[in-house]
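All remarks here apply to the structure that follows.
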Amino acid sequence: MKNLNLLSILLFASIAFVSCDNSANQNQFTLLSSNDTGVDFTNQLNEDNEINYFTYPYIYMGGGVSVGDINNDDLDDIFFTGNMTKNRLYLNKGNLKFEDITDSSGSGGDDRWYTGSTMIDINNDGLLDIYVSVAGLDGIKNNELYINNGDNTFTESAKDYGIDDIGNSVQATFFDYDKDGDLIYMLLIILLHLLMLQEVITSIKCKIQMIMKQIIYTEMMVLHLQG
């Protein structure tokens with residue numbers, strides 16, 4: 001019996017030791033610096049009197065990112081969208097090293113408030129294209145489509161394809177719903193004007209309540225003086 005108890009204790013200790021030892025080496029991810037990878041994109045936001053959380057509640061929704069092999073070299077490339085900064089496209093050179101080809105590729109965009117991005121072969125030529133959604137408080141709202149030219153450059157062609165939507169888009173997804181070989185796309189949009197109208201109504205209600213409270217208080221003071 002003593003030997004059995006000792007064996008049980010040793011077995012339990014061995015299991016505990018192995019478990020502890022494994023838990024110490026279960027890191028699934030390793031943080032790499034931008035100096036190592038070359039990916040140094042930052043979606044920097046700057047609030048002021050015209051653009052801030054109170055004038056545009058979606059200011060901190062963030063930009064978008066899509067990953068795909070734009071040049072068919074079996075390495076996934078990265079595309080970031082910026083709200084107050086230009087988009088950035090990073091070409092994967094292997095071994096987690098990336099090259100910023102934004103300017104040479106023509107995918108940097110302009111001063112629109114870019115949101116989500118989707119990589120999709122829109123024209124079925126075997127090359128991934130990039131569809132970019134646009135929202136923001138004001139300015140140009142047309143979504144953009146960057147057609148892959150096959151030489152690490154892109155041509156903006158959303159209007160040509162009839163998908164330069166202006167509906168305050170957040171994200172788009174493409175799929176063949178009816179299996180006829182043609183892509184259908186669905187957009188997630190922000191009902192910004194309805195939200196602002198709701199905020200105006202709420203503000204008016206608050207002001208009315210304050211006025212009513214002031215009227216009641218005044219009437220009570222008058223009654224008190226008369227009494």
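FYI, nothing fancy with the structure tokens labels: chains A, B, ... in order, residues from 1 per chain, ligands from 1 as they appear.
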
- request: Check range 21-220 of chain A with DSSP on the backbone and list each residue it calls strand (DSSP E or B), as a PyMOL selection string.
  value: chain A and resi 65-68+77-80+88-94+97-100+113-120+129-135+144-148+154-156+169-175+184-189

Just-selected residues, C-alpha atoms written as a PDB file, in the first residue's frame:
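Written out: selection.pdb:
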```
ATOM      1  CA  VAL A  65      -6.807  45.563 -43.607  1.00  0.00           C
ATOM      2  CA  SER A  66      -6.845  42.826 -46.232  1.00  0.00           C
ATOM      3  CA  VAL A  67      -4.311  40.092 -46.908  1.00  0.00           C
ATOM      4  CA  GLY A  68      -3.706  38.287 -50.184  1.00  0.00           C
ATOM      5  CA  ASP A  77       0.842  40.705 -49.092  1.00  0.00           C
ATOM      6  CA  ILE A  78      -0.835  43.278 -46.831  1.00  0.00           C
ATOM      7  CA  PHE A  79      -3.017  46.284 -47.636  1.00  0.00           C
ATOM      8  CA  PHE A  80      -3.995  48.832 -44.962  1.00  0.00           C
ATOM      9  CA  ARG A  88      -0.369  51.443 -47.579  1.00  0.00           C
ATOM     10  CA  LEU A  89       0.434  48.321 -49.587  1.00  0.00           C
ATOM     11  CA  TYR A  90       3.239  46.032 -48.428  1.00  0.00           C
ATOM     12  CA  LEU A  91       4.724  43.405 -50.743  1.00  0.00           C
ATOM     13  CA  ASN A  92       5.856  40.211 -49.028  1.00  0.00           C
ATOM     14  CA  LYS A  93       9.513  39.495 -49.877  1.00  0.00           C
ATOM     15  CA  GLY A  94       9.677  36.289 -47.810  1.00  0.00           C
ATOM     16  CA  LYS A  97      10.102  40.919 -44.677  1.00  0.00           C
ATOM     17  CA  PHE A  98       7.876  43.419 -46.486  1.00  0.00           C
ATOM     18  CA  GLU A  99       8.450  46.256 -48.948  1.00  0.00           C
ATOM     19  CA  ASP A 100       6.237  49.341 -49.025  1.00  0.00           C
ATOM     20  CA  TRP A 113     -11.966  58.531 -44.972  1.00  0.00           C
ATOM     21  CA  TYR A 114     -11.144  54.934 -45.963  1.00  0.00           C
ATOM     22  CA  THR A 115     -12.606  52.092 -43.917  1.00  0.00           C
ATOM     23  CA  GLY A 116     -12.754  48.396 -44.825  1.00  0.00           C
ATOM     24  CA  SER A 117     -10.874  46.688 -47.659  1.00  0.00           C
ATOM     25  CA  THR A 118     -11.412  43.439 -49.532  1.00  0.00           C
ATOM     26  CA  MET A 119      -9.104  41.552 -51.872  1.00  0.00           C
ATOM     27  CA  ILE A 120     -11.062  39.860 -54.642  1.00  0.00           C
ATOM     28  CA  ASP A 129      -7.857  43.329 -57.014  1.00  0.00           C
ATOM     29  CA  ILE A 130      -8.557  45.581 -54.008  1.00  0.00           C
ATOM     30  CA  TYR A 131     -11.966  47.058 -53.162  1.00  0.00           C
ATOM     31  CA  VAL A 132     -11.937  49.856 -50.597  1.00  0.00           C
ATOM     32  CA  SER A 133     -14.900  51.243 -48.655  1.00  0.00           C
ATOM     33  CA  VAL A 134     -15.243  54.931 -47.791  1.00  0.00           C
ATOM     34  CA  ALA A 135     -17.171  56.716 -45.036  1.00  0.00           C
ATOM     35  CA  GLU A 144     -12.769  52.655 -54.821  1.00  0.00           C
ATOM     36  CA  LEU A 145     -11.726  49.571 -56.763  1.00  0.00           C
ATOM     37  CA  TYR A 146      -8.047  49.063 -57.564  1.00  0.00           C
ATOM     38  CA  ILE A 147      -7.684  46.757 -60.555  1.00  0.00           C
ATOM     39  CA  ASN A 148      -4.479  44.705 -60.555  1.00  0.00           C
ATOM     40  CA  PHE A 154      -3.179  49.176 -59.824  1.00  0.00           C
ATOM     41  CA  THR A 155      -5.733  51.313 -61.673  1.00  0.00           C
ATOM     42  CA  GLU A 156      -8.719  52.761 -59.808  1.00  0.00           C
ATOM     43  CA  SER A 169     -19.558  52.069 -46.436  1.00  0.00           C
ATOM     44  CA  VAL A 170     -17.706  50.167 -43.739  1.00  0.00           C
ATOM     45  CA  GLN A 171     -16.978  46.810 -45.377  1.00  0.00           C
ATOM     46  CA  ALA A 172     -17.794  44.870 -48.544  1.00  0.00           C
ATOM     47  CA  THR A 173     -17.952  41.167 -49.230  1.00  0.00           C
ATOM     48  CA  PHE A 174     -18.184  39.398 -52.593  1.00  0.00           C
ATOM     49  CA  PHE A 175     -19.808  36.034 -53.333  1.00  0.00           C
ATOM     50  CA  ILE A 184     -22.465  39.720 -56.140  1.00  0.00           C
ATOM     51  CA  TYR A 185     -21.301  42.145 -53.489  1.00  0.00           C
ATOM     52  CA  MET A 186     -22.862  43.237 -50.219  1.00  0.00           C
ATOM     53  CA  LEU A 187     -22.035  46.451 -48.353  1.00  0.00           C
ATOM     54  CA  LEU A 188     -22.221  47.275 -44.676  1.00  0.00           C
ATOM     55  CA  ILE A 189     -23.059  50.971 -44.367  1.00  0.00           C
TER      56      ILE A 189
END
```

field: One-decimal distance in Å that lies between CA of Ser34 in chain A and CA of Asn71 in chain A
entry: 22.6 Å

field: From A:Ile70, A:Asp103, A:Thr81, A:Asp180, residue lying nearest Gly150 in chain A [only C-alpha atoms]
entry: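 Ranked by minimum distance to Gly150 in chain A, first place goes to A:Ile70.
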
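Distance-wise, CA of Ile59 in chain A and CA of Asn87 in chain A end up 16.7 Å apart.
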
message: As an exercise, work out the distance from CA of Gly82 in chain A to CA of Tyr60 in chain A in Å and give it to one decimal place.
response: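 Computing the Euclidean distance for CA of Gly82 in chain A and CA of Tyr60 in chain A yields 11.7 Å.
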
- request: Write out as a list in words the residues lying within 9 Å of Lys159 in chain A, counting only C-alpha atoms and excluding same-chain residues fewer than 4 positions away.
  value: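 Counting only the stated atoms, we get Asn142, Asn143, Glu144, Leu145, Ile163, Asp164 and Asp165 of chain A.
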
Selection to disk with N, CA and C atoms, as a PDB file, in the first residue's frame:
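Produced file result-v5.pdb, reproduced below:
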```
ATOM      1  N   ASN A 142     -17.262  58.188 -52.456  1.00  0.00           N
ATOM      2  CA  ASN A 142     -17.283  57.075 -53.409  1.00  0.00           C
ATOM      3  C   ASN A 142     -16.267  55.997 -53.037  1.00  0.00           C
ATOM      4  N   ASN A 143     -16.735  54.758 -52.994  1.00  0.00           N
ATOM      5  CA  ASN A 143     -15.820  53.638 -52.783  1.00  0.00           C
ATOM      6  C   ASN A 143     -14.883  53.500 -53.981  1.00  0.00           C
ATOM      7  N   GLU A 144     -13.756  52.810 -53.755  1.00  0.00           N
ATOM      8  CA  GLU A 144     -12.769  52.655 -54.821  1.00  0.00           C
ATOM      9  C   GLU A 144     -12.469  51.186 -55.098  1.00  0.00           C
ATOM     10  N   LEU A 145     -12.125  50.914 -56.332  1.00  0.00           N
ATOM     11  CA  LEU A 145     -11.726  49.571 -56.763  1.00  0.00           C
ATOM     12  C   LEU A 145     -10.397  49.679 -57.489  1.00  0.00           C
ATOM     13  N   ILE A 163     -19.495  50.151 -59.149  1.00  0.00           N
ATOM     14  CA  ILE A 163     -19.528  49.893 -57.698  1.00  0.00           C
ATOM     15  C   ILE A 163     -18.817  50.999 -56.924  1.00  0.00           C
ATOM     16  N   ASP A 164     -18.914  52.224 -57.430  1.00  0.00           N
ATOM     17  CA  ASP A 164     -18.349  53.370 -56.700  1.00  0.00           C
ATOM     18  C   ASP A 164     -19.415  53.936 -55.757  1.00  0.00           C
ATOM     19  N   ASP A 165     -19.901  53.079 -54.873  1.00  0.00           N
ATOM     20  CA  ASP A 165     -21.004  53.412 -53.969  1.00  0.00           C
ATOM     21  C   ASP A 165     -20.653  54.609 -53.084  1.00  0.00           C
TER      22      ASP A 165
END
```

task: Find the residue from A:Ile122, A:Met61, A:Met84, A:Leu31 that sits nearest to Asp182 in chain A; use only C-alpha atoms when measuring.
output: A:Ile122

message: For a quick check of understanding, using only C-alpha atoms, which of A:Glu47, A:Gln28, A:Arg112, A:Gly106 has the smallest distance to Gly63 in chain A?
response: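 Closest to Gly63 in chain A of all the choices is A:Arg112.
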
- prompt: A:Asn95, A:Asn168, A:Asn149, A:Ser157: which is nearest Gly38 in chain A, counting only C-alpha atoms?
  reply: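 When distances to Gly38 in chain A are compared using only C-alpha atoms, the smallest one comes from A:Asn95.
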
field: alpha helix (DSSP H) positions in range 15-218 of chain A, given as a ChimeraX atom specification
entry: /A:15-23,34-37,102-105,192-218

May I have the selected residues written with C-alpha atoms, as a PDB file, in the first residue's frame?
```
ATOM      1  CA  ILE A  15       2.357  15.035 -14.548  1.00  0.00           C
ATOM      2  CA  ALA A  16       2.446  18.370 -12.714  1.00  0.00           C
ATOM      3  CA  PHE A  17       6.072  18.934 -13.736  1.00  0.00           C
ATOM      4  CA  VAL A  18       5.394  18.125 -17.386  1.00  0.00           C
ATOM      5  CA  SER A  19       2.296  20.322 -17.401  1.00  0.00           C
ATOM      6  CA  CYS A  20       4.180  23.233 -15.874  1.00  0.00           C
ATOM      7  CA  ASP A  21       7.064  22.723 -18.264  1.00  0.00           C
ATOM      8  CA  ASN A  22       4.762  22.672 -21.295  1.00  0.00           C
ATOM      9  CA  SER A  23       2.820  25.724 -20.176  1.00  0.00           C
ATOM     10  CA  SER A  34       8.400  47.205 -37.653  1.00  0.00           C
ATOM     11  CA  ASN A  35      12.174  47.495 -37.994  1.00  0.00           C
ATOM     12  CA  ASP A  36      12.308  43.754 -38.595  1.00  0.00           C
ATOM     13  CA  THR A  37       9.290  43.401 -40.902  1.00  0.00           C
ATOM     14  CA  THR A 102       2.273  52.135 -51.998  1.00  0.00           C
ATOM     15  CA  ASP A 103       3.535  54.957 -54.201  1.00  0.00           C
ATOM     16  CA  SER A 104       4.736  52.816 -57.091  1.00  0.00           C
ATOM     17  CA  SER A 105       1.561  50.701 -57.054  1.00  0.00           C
ATOM     18  CA  LEU A 192     -24.992  58.510 -40.277  1.00  0.00           C
ATOM     19  CA  HIS A 193     -27.808  60.945 -40.994  1.00  0.00           C
ATOM     20  CA  LEU A 194     -30.333  58.932 -38.997  1.00  0.00           C
ATOM     21  CA  LEU A 195     -27.909  58.775 -36.088  1.00  0.00           C
ATOM     22  CA  MET A 196     -27.359  62.525 -36.193  1.00  0.00           C
ATOM     23  CA  LEU A 197     -31.126  63.133 -36.383  1.00  0.00           C
ATOM     24  CA  GLN A 198     -31.603  60.931 -33.340  1.00  0.00           C
ATOM     25  CA  GLU A 199     -28.948  62.886 -31.461  1.00  0.00           C
ATOM     26  CA  VAL A 200     -30.633  66.182 -32.387  1.00  0.00           C
ATOM     27  CA  ILE A 201     -34.002  64.882 -31.178  1.00  0.00           C
ATOM     28  CA  THR A 202     -32.435  63.674 -27.930  1.00  0.00           C
ATOM     29  CA  SER A 203     -30.793  67.063 -27.436  1.00  0.00           C
ATOM     30  CA  ILE A 204     -34.094  68.872 -28.018  1.00  0.00           C
ATOM     31  CA  LYS A 205     -35.850  66.586 -25.535  1.00  0.00           C
ATOM     32  CA  CYS A 206     -33.200  67.346 -22.907  1.00  0.00           C
ATOM     33  CA  LYS A 207     -33.567  71.085 -23.474  1.00  0.00           C
ATOM     34  CA  ILE A 208     -37.368  70.836 -23.213  1.00  0.00           C
ATOM     35  CA  GLN A 209     -37.032  68.924 -19.953  1.00  0.00           C
ATOM     36  CA  MET A 210     -34.688  71.592 -18.574  1.00  0.00           C
ATOM     37  CA  ILE A 211     -37.123  74.352 -19.596  1.00  0.00           C
ATOM     38  CA  MET A 212     -40.054  72.522 -17.994  1.00  0.00           C
ATOM     39  CA  LYS A 213     -38.081  72.043 -14.774  1.00  0.00           C
ATOM     40  CA  GLN A 214     -37.247  75.749 -14.773  1.00  0.00           C
ATOM     41  CA  ILE A 215     -40.909  76.666 -15.302  1.00  0.00           C
ATOM     42  CA  ILE A 216     -42.032  74.385 -12.463  1.00  0.00           C
ATOM     43  CA  TYR A 217     -39.331  75.801 -10.177  1.00  0.00           C
ATOM     44  CA  THR A 218     -40.398  79.370 -11.043  1.00  0.00           C
TER      45      THR A 218
END
```
